[in-house]
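Taking it in order: structure first as structure tokens, then the write-up.
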Amino acid sequence: MGSKKAESTSAPVIRRDPYDVLSVSRDSTDQEIKTAYRKLALKYHPDKNASNPEASELFKEVAYSYSILSDPEKRRQYDSAGFEALDAENMDMEIDLSNLGTVNTVFAALFSKLGVPIKTTISANVLEEALNGTVTVRPLPIGTSVSGKVDKQCAHFFGVTINEQQAESGIVVRVTSTAQSKFKLLYFEQDANGGYGLALQEESEKTGKVTSAGMYFLHFQVYRMDSTVNALAIAKDPDAAFFKRLEGLQPCEVSELKAGTHIFAVYGDNFFKTATYTIEALCAKTYEDTTEKLKEIEAQILRKRNELRQFETEYRKVSAEWVAECRMIMYHLCHRTMESQLCHFGGTIGLGTLSRSNQQIQPGKAIGG
């Protein structure tokens, strides 16, 4: 705990191919990449290698590689143009709270309160206990909720048992905190040795007066409104703020579960205090009417977003034409004004010359007469 080193996803000095770092092929699936990362992150985690600085650097490299390959857009950019395509993008900072000193933890907490997104890693102790199968798993029956408090960098594990009908209908697991605690919702898959390996994780987000996170194991796509995406889009182009209001509607990661018992966990992610939470498991069949209404509303929002995108294209085209016409009009007005001034100036010069000529001629006529 005395160490002040922060583990982040910042780029290593010498960057290796992320596929090579994780020992996966370029056509690897998301699950294969997650599995490879999980094993390497646990192997090189600073908690397990306190006296090995080389392991710490390898952990950073593994985390950085995973931050690229786990993000579909960043992976696509890297596959098409390498690291150069990523250099312009800001990589999210990710730190291990269990490895921070008190001073750094205070600063991280302050930045988080100010709205700076700070992603954190899961404690190696929690991951190792899960892999060893030594965690206590409490039952969470479908249709019920459990409330509790979890210490920072610790986790409460829950087992959700579903039958064939419930698996076919779909399951939603959701965690909320009226205290606006910071936490992670984790999903573990059972390994061959009887332990549990981390497969999915969701960060809590503030929605209204609560923080929440959810996982959706359904047979249809669901969406959530990510205010961060809206803010980034507006920041990049303030003039387009009106058109970017619906860009934050992002698809949630959707998986499917088979009948059996599935392991979830609530991980305390507060910087100092315990995280207060309520976790619930719901079957989609119980909310069929609500589900259909939700699908209709989401479809309407998606259509409106497409209309806004089309309108933005048309608006920008017309706006560019209008600006060009205005510039042309200003050019002609300025040109005519200059011609008018030149003509006026030229006429004045002409009259003055004629007047001086007359003055010179008149005396001559008087003498000659």
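By order in the structure tokens, chains are A, B, ...; within a chain, residues start at 1; ligands start at 1, following the order shown.
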### All helix (DSSP H, G or I) residues (DSSP, backbone) inside range 272-327 of chain A, as a VMD selection string
chain A and resid 284 to 327
Using only C-alpha atoms, please write the residues we just selected to a file, as a compact mmCIF listing (two decimals), in the first residue's frame.
# COMPACT_ATOMS: atom_id res chain seq x y z
CA ALA A 284 -37.33 -10.54 -19.34
CA LYS A 285 -40.49 -12.67 -19.68
CA THR A 286 -41.98 -10.98 -16.62
CA TYR A 287 -41.72 -7.64 -18.42
CA GLU A 288 -42.82 -8.62 -21.95
CA ASP A 289 -45.12 -5.60 -22.41
CA THR A 290 -42.46 -3.21 -21.13
CA THR A 291 -39.85 -4.90 -23.33
CA GLU A 292 -41.96 -4.41 -26.47
CA LYS A 293 -42.56 -0.74 -25.61
CA LEU A 294 -38.84 -0.29 -24.99
CA LYS A 295 -38.03 -1.81 -28.38
CA GLU A 296 -40.48 0.57 -30.09
CA ILE A 297 -39.06 3.62 -28.31
CA GLU A 298 -35.48 2.63 -29.09
CA ALA A 299 -36.40 2.07 -32.74
CA GLN A 300 -37.96 5.55 -32.87
CA ILE A 301 -34.86 7.13 -31.33
CA LEU A 302 -32.61 5.32 -33.82
CA ARG A 303 -34.77 6.57 -36.70
CA LYS A 304 -34.65 10.11 -35.36
CA ARG A 305 -30.88 9.86 -34.97
CA ASN A 306 -30.55 8.81 -38.61
CA GLU A 307 -32.83 11.68 -39.62
CA LEU A 308 -30.69 14.10 -37.62
CA ARG A 309 -27.56 12.77 -39.31
CA GLN A 310 -29.16 13.22 -42.72
CA PHE A 311 -30.41 16.67 -41.79
CA GLU A 312 -26.94 17.61 -40.57
CA THR A 313 -25.48 16.59 -43.95
CA GLU A 314 -28.08 18.65 -45.81
CA TYR A 315 -27.68 21.57 -43.40
CA ARG A 316 -23.91 21.65 -43.79
CA LYS A 317 -24.23 21.52 -47.57
CA VAL A 318 -26.76 24.38 -47.68
CA SER A 319 -24.79 26.30 -45.06
CA ALA A 320 -21.60 26.01 -47.13
CA GLU A 321 -23.47 27.22 -50.23
CA TRP A 322 -24.95 30.13 -48.28
CA VAL A 323 -21.53 31.16 -46.95
CA ALA A 324 -20.09 30.98 -50.47
CA GLU A 325 -22.93 33.16 -51.84
CA CYS A 326 -22.48 35.68 -49.03
CA ARG A 327 -18.79 35.92 -49.79
Determine, counting only C-alpha atoms, which protein, DNA and RNA residues have an atom within 7 Å of an atom of Ser145 in chain A; residues of the same chain fewer than 3 positions away are not included. Present the result as a short mmCIF file (atom, residue, chain, number, x, y, z; two decimals) with all heavy atoms, in the first residue's frame.
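Saved as selection-v4.cif:
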data_model
loop_
_atom_site.label_atom_id
_atom_site.label_comp_id
_atom_site.auth_asym_id
_atom_site.auth_seq_id
_atom_site.Cartn_x
_atom_site.Cartn_y
_atom_site.Cartn_z
N THR A 278 -27.57 -2.18 -4.29
CA THR A 278 -28.67 -3.14 -4.36
C THR A 278 -28.55 -3.87 -5.70
O THR A 278 -28.51 -3.22 -6.75
CB THR A 278 -30.04 -2.45 -4.28
OG1 THR A 278 -30.16 -1.78 -3.02
CG2 THR A 278 -31.17 -3.46 -4.43
N ILE A 279 -28.47 -5.19 -5.65
CA ILE A 279 -28.35 -5.99 -6.87
C ILE A 279 -29.64 -6.79 -7.05
O ILE A 279 -30.21 -7.30 -6.08
CB ILE A 279 -27.12 -6.92 -6.81
CG1 ILE A 279 -26.99 -7.71 -8.13
CG2 ILE A 279 -27.15 -7.84 -5.61
CD1 ILE A 279 -25.71 -8.50 -8.24
N GLU A 280 -30.09 -6.89 -8.29
CA GLU A 280 -31.29 -7.65 -8.59
C GLU A 280 -31.12 -8.40 -9.90
O GLU A 280 -30.39 -7.95 -10.80
CB GLU A 280 -32.52 -6.73 -8.66
CG GLU A 280 -32.41 -5.62 -9.66
CD GLU A 280 -33.60 -4.68 -9.64
OE1 GLU A 280 -34.65 -5.07 -9.09
OE2 GLU A 280 -33.49 -3.58 -10.20
N ALA A 281 -31.78 -9.54 -10.01
CA ALA A 281 -31.78 -10.35 -11.23
C ALA A 281 -33.22 -10.48 -11.71
O ALA A 281 -34.10 -10.87 -10.94
CB ALA A 281 -31.17 -11.73 -10.95
#
Could you pull the residues within 8 Å of His262 in chain A, counting only C-alpha atoms, minus those fewer than 4 positions along the same chain, as a JSON list (two decimals) with all heavy atoms, in the first residue's frame?
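Final file, part_33.json:
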[["chain", "number", "residue", "atom", "x", "y", "z"],
["A", 159, "GLY", "N", -24.73, -15.98, -6.85],
["A", 159, "GLY", "CA", -25.04, -17.01, -7.82],
["A", 159, "GLY", "C", -26.49, -16.87, -8.29],
["A", 159, "GLY", "O", -27.41, -16.88, -7.47],
["A", 160, "VAL", "N", -26.68, -16.72, -9.60],
["A", 160, "VAL", "CA", -28.01, -16.60, -10.18],
["A", 160, "VAL", "C", -28.30, -17.89, -10.95],
["A", 160, "VAL", "O", -27.64, -18.19, -11.94],
["A", 160, "VAL", "CB", -28.10, -15.39, -11.13],
["A", 160, "VAL", "CG1", -29.49, -15.31, -11.76],
["A", 160, "VAL", "CG2", -27.78, -14.10, -10.39],
["A", 161, "THR", "N", -29.28, -18.65, -10.47],
["A", 161, "THR", "CA", -29.64, -19.92, -11.10],
["A", 161, "THR", "C", -30.86, -19.71, -11.98],
["A", 161, "THR", "O", -31.89, -19.18, -11.53],
["A", 161, "THR", "CB", -29.94, -20.99, -10.04],
["A", 161, "THR", "OG1", -28.78, -21.14, -9.20],
["A", 161, "THR", "CG2", -30.26, -22.32, -10.70],
["A", 187, "TYR", "N", -19.01, -10.29, -14.13],
["A", 187, "TYR", "CA", -19.56, -11.60, -14.46],
["A", 187, "TYR", "C", -18.41, -12.58, -14.65],
["A", 187, "TYR", "O", -17.45, -12.29, -15.37],
["A", 187, "TYR", "CB", -20.41, -11.54, -15.74],
["A", 187, "TYR", "CG", -20.82, -12.90, -16.25],
["A", 187, "TYR", "CD1", -21.67, -13.71, -15.50],
["A", 187, "TYR", "CD2", -20.34, -13.39, -17.46],
["A", 187, "TYR", "CE1", -22.04, -14.97, -15.96],
["A", 187, "TYR", "CE2", -20.70, -14.64, -17.93],
["A", 187, "TYR", "CZ", -21.56, -15.43, -17.17],
["A", 187, "TYR", "OH", -21.91, -16.68, -17.62],
["A", 188, "PHE", "N", -18.50, -13.73, -13.99],
["A", 188, "PHE", "CA", -17.44, -14.74, -14.03],
["A", 188, "PHE", "C", -17.92, -16.01, -14.72],
["A", 188, "PHE", "O", -19.07, -16.43, -14.53],
["A", 188, "PHE", "CB", -16.98, -15.08, -12.62],
["A", 188, "PHE", "CG", -16.25, -13.97, -11.92],
["A", 188, "PHE", "CD1", -16.96, -12.95, -11.29],
["A", 188, "PHE", "CD2", -14.87, -13.93, -11.90],
["A", 188, "PHE", "CE1", -16.29, -11.92, -10.64],
["A", 188, "PHE", "CE2", -14.19, -12.90, -11.25],
["A", 188, "PHE", "CZ", -14.91, -11.90, -10.63],
["A", 189, "GLU", "N", -17.03, -16.60, -15.50],
["A", 189, "GLU", "CA", -17.30, -17.91, -16.09],
["A", 189, "GLU", "C", -16.56, -18.97, -15.29],
["A", 189, "GLU", "O", -15.45, -18.73, -14.80],
["A", 189, "GLU", "CB", -16.84, -17.94, -17.56],
["A", 189, "GLU", "CG", -17.64, -17.02, -18.46],
["A", 189, "GLU", "CD", -17.12, -17.03, -19.89],
["A", 189, "GLU", "OE1", -15.95, -17.42, -20.09],
["A", 189, "GLU", "OE2", -17.89, -16.66, -20.80]]
#### Entry: CA of Lys182 in chain A to CA of Phe158 in chain A, distance in Å rounded to a single decimal
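If I compute the distance from CA of Lys182 in chain A to CA of Phe158 in chain A, I get 18.5 Å.
Minimum atom-to-atom distances from A:Gly260, A:Gly214, A:Gly197, A:Gly208 to Glu129 in chain A were compared using only C-alpha atoms, and the lowest value belongs to A:Gly197.
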#### Entry: Nearest residue to Ile263 in chain A from the set A:Val150, A:Leu246, A:Ile329, A:Val135 (distances using only C-alpha atoms)
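That would be A:Val135, the residue with the smallest distance to Ile263 in chain A.
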## Note on the structure
Between CA of Leu58 in chain A and CA of Ala265 in chain A lies a distance of 27.3 Å
#### Entry: Selected residue, from A:Ser70, A:Thr337, A:Gln153, A:Gln201, that lies nearest to Thr29 in chain A when counting only C-alpha atoms
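For Thr29 in chain A, the nearest of the candidates is A:Ser70.
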### Task
Considering only C-alpha atoms, state which residue in the set A:Gly148, A:Lys206, A:Asp79, A:Leu42 is at the smallest distance from Ser25 in chain A.
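The closest residue to Ser25 in chain A is A:Asp79.
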